[in-house]
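J.: Contents of my_file.tsv (TSV, C-alpha atoms):
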```tsv
chain	number	residue	atom	x	y	z
A	1	MET	CA	3.31	6.82	63.77
A	2	ASN	CA	5.61	9.64	62.68
A	3	LEU	CA	7.96	7.12	61.11
A	4	LEU	CA	5.08	5.44	59.27
A	5	ARG	CA	3.83	8.79	58.00
A	6	ARG	CA	7.31	9.70	56.79
A	7	MET	CA	7.59	6.36	54.99
A	8	ASN	CA	4.21	6.87	53.29
A	9	LEU	CA	5.18	10.40	52.30
A	10	ALA	CA	8.51	9.22	50.90
A	11	THR	CA	6.77	6.50	48.90
A	12	ALA	CA	4.25	8.97	47.50
A	13	MET	CA	7.00	11.40	46.51
A	14	SER	CA	8.94	8.63	44.78
A	15	LEU	CA	5.89	7.65	42.78
A	16	ALA	CA	5.21	11.25	41.81
A	17	ILE	CA	8.79	11.75	40.63
A	18	ALA	CA	8.68	8.51	38.65
A	19	LEU	CA	5.62	9.70	36.78
A	20	TYR	CA	7.44	12.76	35.47
A	21	LEU	CA	10.81	11.19	34.70
A	22	PRO	CA	11.42	10.20	31.06
A	23	VAL	CA	11.22	6.46	30.57
A	24	ALA	CA	14.01	4.83	28.61
A	25	PRO	CA	12.65	2.89	25.63
A	26	THR	CA	12.75	-0.88	25.85
A	27	ALA	CA	15.01	-2.86	23.58
A	28	GLN	CA	11.96	-3.90	21.56
A	29	ALA	CA	10.83	-0.30	21.13
A	30	GLN	CA	14.31	0.77	20.09
A	31	THR	CA	14.48	-2.02	17.52
A	32	THR	CA	11.07	-1.08	16.11
A	33	ALA	CA	11.96	2.60	15.89
A	34	SER	CA	15.23	1.93	14.10
A	35	ALA	CA	13.98	-0.87	11.84
A	36	LYS	CA	14.79	-0.39	8.17
A	37	THR	CA	11.81	0.15	5.90
A	38	GLU	CA	11.41	0.21	2.13
A	39	VAL	CA	8.82	1.59	-0.28
A	40	ALA	CA	6.89	0.00	-3.14
A	41	THR	CA	4.44	1.73	-5.48
A	42	PHE	CA	1.77	-0.05	-7.51
A	43	GLY	CA	-1.00	1.12	-9.81
A	44	GLY	CA	-3.87	-1.33	-9.81
A	45	GLY	CA	-7.01	0.54	-10.69
A	46	CYS	CA	-9.05	2.00	-7.84
A	47	PHE	CA	-6.61	2.83	-5.07
A	48	TRP	CA	-9.23	2.06	-2.39
A	49	CYS	CA	-9.04	-1.59	-3.42
A	50	VAL	CA	-5.25	-1.69	-3.67
A	51	GLU	CA	-4.99	-0.28	-0.14
A	52	ALA	CA	-7.44	-2.87	1.18
A	53	ASP	CA	-5.53	-5.73	-0.45
A	54	PHE	CA	-2.07	-4.74	0.77
A	55	ASP	CA	-3.04	-3.71	4.28
A	56	LYS	CA	-3.71	-7.41	4.88
A	57	VAL	CA	-0.14	-8.44	4.03
A	58	PRO	CA	2.06	-9.18	7.10
A	59	GLY	CA	5.07	-6.87	7.03
A	60	VAL	CA	3.25	-3.97	5.38
A	61	ILE	CA	3.50	-0.98	7.70
A	62	SER	CA	1.36	1.57	5.87
A	63	THR	CA	-0.40	2.26	2.58
A	64	THR	CA	-1.12	5.67	1.07
A	65	SER	CA	-3.36	6.36	-1.91
A	66	GLY	CA	-2.04	8.90	-4.37
A	67	TYR	CA	-1.21	9.95	-7.91
A	68	SER	CA	1.93	9.41	-10.00
A	69	GLY	CA	3.16	9.78	-13.55
A	70	GLY	CA	1.43	12.99	-14.59
A	71	LYS	CA	2.49	16.42	-15.76
A	72	VAL	CA	0.67	18.56	-13.16
A	73	PRO	CA	2.20	18.98	-9.67
A	74	ASN	CA	-0.05	18.36	-6.67
A	75	PRO	CA	-3.07	17.28	-8.71
A	76	THR	CA	-6.55	17.01	-7.25
A	77	TYR	CA	-8.82	14.00	-7.64
A	78	GLU	CA	-11.03	16.01	-9.98
A	79	GLN	CA	-8.05	16.85	-12.21
A	80	VAL	CA	-6.86	13.25	-12.32
A	81	SER	CA	-10.38	11.98	-12.98
A	82	SER	CA	-10.64	14.31	-15.98
A	83	LYS	CA	-7.96	12.09	-17.59
A	84	SER	CA	-6.08	15.15	-18.81
A	85	THR	CA	-3.09	15.21	-16.43
A	86	GLY	CA	-1.53	11.83	-17.21
A	87	HIS	CA	-1.60	10.68	-13.60
A	88	THR	CA	-2.29	7.14	-12.46
A	89	GLU	CA	-4.02	6.19	-9.24
A	90	VAL	CA	-1.37	4.40	-7.19
A	91	VAL	CA	-0.70	3.17	-3.69
A	92	ARG	CA	2.61	3.76	-1.97
A	93	ILE	CA	3.44	0.91	0.42
A	94	VAL	CA	5.90	1.19	3.28
A	95	PHE	CA	7.04	-2.26	4.35
A	96	ASP	CA	9.50	-4.08	6.59
A	97	PRO	CA	11.82	-6.11	4.32
A	98	ALA	CA	12.67	-8.36	7.26
A	99	LYS	CA	9.06	-9.56	7.23
A	100	VAL	CA	8.07	-9.35	3.59
A	101	SER	CA	10.32	-8.95	0.56
A	102	TYR	CA	9.76	-6.71	-2.42
A	103	ALA	CA	9.59	-9.81	-4.61
A	104	GLN	CA	6.77	-11.17	-2.45
A	105	LEU	CA	4.87	-7.89	-2.75
A	106	VAL	CA	5.21	-8.00	-6.54
A	107	GLU	CA	3.85	-11.56	-6.57
A	108	LYS	CA	0.93	-10.42	-4.43
A	109	TYR	CA	0.36	-7.47	-6.74
A	110	TRP	CA	-0.09	-9.60	-9.84
A	111	ARG	CA	-2.90	-11.52	-8.21
A	112	THR	CA	-4.79	-8.39	-7.18
A	113	ILE	CA	-5.09	-6.99	-10.72
A	114	ASP	CA	-6.15	-7.87	-14.25
A	115	PRO	CA	-2.85	-7.44	-16.14
A	116	THR	CA	-4.45	-8.16	-19.51
A	117	VAL	CA	-6.21	-4.82	-20.11
A	118	LYS	CA	-4.77	-1.40	-20.89
A	119	ASP	CA	-5.99	1.82	-19.27
A	120	ARG	CA	-8.75	0.05	-17.40
A	121	GLN	CA	-9.40	-2.09	-14.37
A	122	PHE	CA	-12.74	-3.81	-13.95
A	123	CYS	CA	-15.50	-1.16	-14.15
A	124	ASP	CA	-13.10	1.82	-14.14
A	125	ALA	CA	-11.89	2.95	-17.56
A	126	GLY	CA	-9.24	5.47	-18.55
A	127	SER	CA	-5.53	6.09	-18.05
A	128	PRO	CA	-5.87	6.90	-14.30
A	129	TYR	CA	-6.81	3.25	-13.79
A	130	ARG	CA	-3.97	1.63	-15.69
A	131	THR	CA	-1.87	-1.05	-14.04
A	132	VAL	CA	1.81	-0.29	-13.52
A	133	ILE	CA	4.69	-1.20	-11.24
A	134	PHE	CA	6.70	1.89	-10.33
A	135	ALA	CA	10.15	0.73	-9.22
A	136	HIS	CA	12.17	2.94	-6.87
A	137	ASP	CA	15.67	1.74	-7.73
A	138	ASP	CA	17.60	-0.59	-10.00
A	139	LYS	CA	17.12	-3.52	-7.65
A	140	GLN	CA	13.35	-3.14	-7.72
A	141	LEU	CA	13.41	-2.74	-11.51
A	142	SER	CA	15.34	-5.99	-11.84
A	143	ILE	CA	13.04	-7.89	-9.45
A	144	ALA	CA	9.85	-6.60	-11.05
A	145	ARG	CA	11.02	-7.30	-14.61
A	146	ALA	CA	12.14	-10.81	-13.65
A	147	SER	CA	8.75	-11.41	-12.05
A	148	LEU	CA	6.99	-10.15	-15.18
A	149	ALA	CA	9.08	-12.44	-17.39
A	150	ALA	CA	8.34	-15.44	-15.16
A	151	LEU	CA	4.64	-14.65	-15.18
A	152	GLU	CA	4.56	-14.43	-18.96
A	153	LYS	CA	5.80	-18.03	-19.02
A	154	SER	CA	3.57	-19.44	-16.30
A	155	LYS	CA	0.38	-17.37	-16.55
A	156	PRO	CA	-2.87	-19.34	-16.19
A	157	PHE	CA	-4.66	-17.31	-18.90
A	158	LYS	CA	-4.19	-16.81	-22.65
A	159	GLU	CA	-4.34	-13.02	-22.96
A	160	PRO	CA	-1.03	-11.09	-23.16
A	161	ILE	CA	0.17	-9.13	-20.14
A	162	VAL	CA	0.20	-5.38	-20.75
A	163	THR	CA	1.24	-4.12	-17.29
A	164	PRO	CA	4.51	-2.15	-17.59
A	165	VAL	CA	7.40	-1.81	-15.15
A	166	GLU	CA	8.65	1.78	-14.98
A	167	PRO	CA	10.94	3.95	-12.82
A	168	ALA	CA	8.94	5.65	-10.08
A	169	PRO	CA	8.04	9.30	-10.81
A	170	ALA	CA	6.90	11.87	-8.25
A	171	PHE	CA	4.17	10.75	-5.86
A	172	TYR	CA	1.39	12.99	-4.58
A	173	ALA	CA	-0.82	11.78	-1.74
A	174	ALA	CA	-4.53	11.80	-2.49
A	175	GLU	CA	-7.06	13.73	-0.44
A	176	ASP	CA	-7.72	12.59	3.13
A	177	TYR	CA	-11.14	11.19	2.34
A	178	HIS	CA	-9.55	8.65	-0.01
A	179	GLN	CA	-7.16	7.31	2.63
A	180	ASP	CA	-8.40	4.08	4.26
A	181	TYR	CA	-11.70	4.50	2.44
A	182	TYR	CA	-12.55	0.83	2.90
A	183	LEU	CA	-12.32	1.30	6.67
A	184	LYS	CA	-14.11	4.63	6.85
A	185	ASN	CA	-16.96	3.60	4.54
A	186	PRO	CA	-17.13	-0.21	4.68
A	187	LEU	CA	-20.65	-0.61	3.26
A	188	ARG	CA	-20.06	1.75	0.33
A	189	TYR	CA	-16.69	0.16	-0.34
A	190	LYS	CA	-18.11	-3.37	-0.29
A	191	TYR	CA	-20.91	-2.36	-2.67
A	192	TYR	CA	-18.45	-0.67	-5.04
A	193	ARG	CA	-16.02	-3.59	-5.07
A	194	THR	CA	-18.75	-6.17	-5.59
A	195	SER	CA	-20.68	-4.24	-8.23
A	196	CYS	CA	-17.44	-3.45	-10.07
A	197	GLY	CA	-16.79	-7.18	-10.45
A	198	ARG	CA	-13.23	-7.00	-9.18
A	199	ASP	CA	-13.13	-10.24	-7.19
A	200	ALA	CA	-15.18	-12.17	-9.75
A	201	ARG	CA	-12.70	-11.24	-12.50
A	202	LEU	CA	-9.69	-12.02	-10.32
A	203	LYS	CA	-11.08	-15.46	-9.58
A	204	GLU	CA	-11.66	-15.99	-13.30
A	205	LEU	CA	-8.05	-15.02	-14.07
A	206	TRP	CA	-6.14	-16.56	-11.20
A	207	GLY	CA	-8.42	-19.21	-9.76
A	208	GLU	CA	-7.28	-20.44	-6.39
A	209	ALA	CA	-3.78	-19.02	-7.02
A	210	ARG	CA	-4.93	-15.57	-5.99
```
Produce structure tokens that represent the structure in this file.
T.:
Amino acid sequence: MNLLRRMNLATAMSLAIALYLPVAPTAQAQTTASAKTEVATFGGGCFWCVEADFDKVPGVISTTSGYSGGKVPNPTYEQVSSKSTGHTEVVRIVFDPAKVSYAQLVEKYWRTIDPTVKDRQFCDAGSPYRTVIFAHDDKQLSIARASLAALEKSKPFKEPIVTPVEPAPAFYAAEDYHQDYYLKNPLRYKYYRTSCGRDARLKELWGEAR
């Protein structure tokens, strides 16, 4: 009995020690932690909708709504909405280039916007809602401009494309209540997106290609 008790005690102590010892990360965890990521930034009208569209793309790690291209540092939503700061509503996308390329994200982007109107997207009018690709380096600039040129040749609509490709300026994250709005407020988001006519216009422009 004493031997059995000692064995049970030893087992219990071993378990207790194991609970407090640091666990070495698995090879999979180490690979995930060290995986290379890249950033893309797109302006496509309401950033709630851009987030919702790109969160569905395999390889996209995170999306953050924010403001870029203006003259006021750390702007508020109210300031941007006044259309006096020069900022555009944008979404910054962190992605895994081993799963989705920047070129693929640009192709996806085109089919989530109406590139034929200036300073407006669907029911939202004004410079904060302009479409724009903000490239983060020369490679992205080259890819985005090549994609734009190819689209101008193959577009399924007659109107000219007015979406510019520009070097990425400073990015300021939007207020917390804007982040993941479509998840936090699904009914309000669905009503807004439907009543704004976003998907109806995209279908009109892109057909089944979107």
J.: Using only C-alpha atoms, which residues sit within 10 Å of A:Gly126 once same-chain residues fewer than 2 positions away are excluded, as a compact mmCIF listing (two decimals) with C-alpha atoms, keeping the file's coordinate frame?
T.:
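File out-v2.txt, as written:
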```
# COMPACT_ATOMS: atom_id res chain seq x y z
CA GLY A 45 -7.01 0.54 -10.69
CA SER A 81 -10.38 11.98 -12.98
CA SER A 82 -10.64 14.31 -15.98
CA LYS A 83 -7.96 12.09 -17.59
CA THR A 88 -2.29 7.14 -12.46
CA LYS A 118 -4.77 -1.40 -20.89
CA ASP A 119 -5.99 1.82 -19.27
CA ARG A 120 -8.75 0.05 -17.40
CA GLN A 121 -9.40 -2.09 -14.37
CA ASP A 124 -13.10 1.82 -14.14
CA PRO A 128 -5.87 6.90 -14.30
CA TYR A 129 -6.81 3.25 -13.79
CA ARG A 130 -3.97 1.63 -15.69
```
J.: What separation in Å, quoted to one decimal, exists between atom CA of A:Tyr191 and atom CA of A:Cys123?
T.: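 Between these atoms lies a distance of 12.7 Å.
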J.: Identify which of the residues A:Ser147, A:Ser154, A:Ser68, A:Ser142 lies closest to A:Ala174, counting only C-alpha atoms when measuring atom-to-atom distances.
T.: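 With only C-alpha atoms as the atom set, the closest residue is A:Ser68.
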J.: Stretch 192-208 of chain A: which residues within 9 Å, counting all atoms listed in the file, same-chain residues fewer than 5 positions away excluded, as a VMD selection string?
T.: chain A and resid 49 111 to 114 121 to 124 155 to 157 187
J.: Using only the atoms of stretch 140-151 of chain A listed in the file, plus 3 Å on each side, state the axis-aligned box centre and edge lengths in Å rounded to one decimal, as lines of an AutoDock Vina configuration file.
T.:
```
center_x = 10.0
center_y = -9.1
center_z = -12.6
size_x = 16.7
size_y = 18.7
size_z = 15.7
```
J.: Return the single residue from A:Ala173, A:Val165, A:Ala150, A:Trp110 that is closest to A:Ala135, with distances computed using all atoms listed in the file.
T.: A:Val165
J.: Pick out the closest residue to A:Pro58 from this set: A:Val80, A:Cys46, A:Ala40, A:Leu105. Count only C-alpha atoms.
T.: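 Of A:Val80, A:Cys46, A:Ala40, A:Leu105, the one nearest A:Pro58, counting only C-alpha atoms, is A:Leu105.
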J.: Contacts of A:Leu151 at 10 Å or less, counting all atoms listed in the file, minus same-chain residues fewer than 6 places along, as a PyMOL selection string?
T.: chain A and resi 107+110+145+161
J.: Saving stretch 65-87 of chain A with N, CA and C atoms, as a compact mmCIF listing (two decimals), in the first residue's frame, what would that file be?
T.:
```
# COMPACT_ATOMS: atom_id res chain seq x y z
N SER A 65 -10.37 48.92 -40.93
CA SER A 65 -10.92 50.13 -41.54
C SER A 65 -10.15 51.35 -41.06
N GLY A 66 -9.96 52.30 -41.96
CA GLY A 66 -9.22 53.50 -41.56
C GLY A 66 -9.32 54.60 -42.59
N TYR A 67 -8.41 55.58 -42.44
CA TYR A 67 -8.41 56.78 -43.28
C TYR A 67 -7.00 57.03 -43.82
N SER A 68 -6.92 57.40 -45.09
CA SER A 68 -5.62 57.71 -45.70
C SER A 68 -5.76 58.85 -46.69
N GLY A 69 -4.64 59.53 -46.93
CA GLY A 69 -4.57 60.51 -48.00
C GLY A 69 -4.96 61.93 -47.63
N GLY A 70 -5.18 62.20 -46.36
CA GLY A 70 -5.60 63.54 -45.96
C GLY A 70 -4.49 64.38 -45.38
N LYS A 71 -4.86 65.57 -44.94
CA LYS A 71 -3.87 66.53 -44.45
C LYS A 71 -3.92 66.71 -42.94
N VAL A 72 -4.83 66.01 -42.25
CA VAL A 72 -4.98 66.12 -40.81
C VAL A 72 -4.53 64.81 -40.15
N PRO A 73 -3.58 64.84 -39.23
CA PRO A 73 -3.17 63.60 -38.56
C PRO A 73 -4.23 63.10 -37.60
N ASN A 74 -4.35 61.79 -37.51
CA ASN A 74 -5.30 61.15 -36.59
C ASN A 74 -6.72 61.73 -36.70
N PRO A 75 -7.29 61.70 -37.88
CA PRO A 75 -8.61 62.30 -38.05
C PRO A 75 -9.70 61.44 -37.40
N THR A 76 -10.79 62.07 -37.06
CA THR A 76 -11.96 61.36 -36.56
C THR A 76 -12.92 61.10 -37.71
N TYR A 77 -13.88 60.23 -37.49
CA TYR A 77 -14.87 59.94 -38.52
C TYR A 77 -15.65 61.21 -38.87
N GLU A 78 -15.97 61.99 -37.86
CA GLU A 78 -16.72 63.23 -38.10
C GLU A 78 -15.92 64.19 -38.99
N GLN A 79 -14.61 64.29 -38.74
CA GLN A 79 -13.78 65.17 -39.57
C GLN A 79 -13.72 64.68 -41.01
N VAL A 80 -13.52 63.37 -41.18
CA VAL A 80 -13.44 62.81 -42.53
C VAL A 80 -14.78 62.97 -43.25
N SER A 81 -15.87 62.73 -42.53
CA SER A 81 -17.20 62.84 -43.13
C SER A 81 -17.54 64.26 -43.54
N SER A 82 -16.88 65.24 -42.94
CA SER A 82 -17.13 66.64 -43.32
C SER A 82 -16.56 66.96 -44.69
N LYS A 83 -15.72 66.04 -45.21
CA LYS A 83 -15.13 66.17 -46.55
C LYS A 83 -14.16 67.35 -46.66
N SER A 84 -13.59 67.73 -45.52
CA SER A 84 -12.68 68.88 -45.52
C SER A 84 -11.23 68.49 -45.25
N THR A 85 -10.97 67.22 -44.93
CA THR A 85 -9.61 66.81 -44.57
C THR A 85 -8.85 66.15 -45.72
N GLY A 86 -9.57 65.73 -46.75
CA GLY A 86 -8.91 65.07 -47.87
C GLY A 86 -8.72 63.58 -47.70
N HIS A 87 -9.19 63.03 -46.60
CA HIS A 87 -9.00 61.60 -46.36
C HIS A 87 -9.99 60.75 -47.15
```
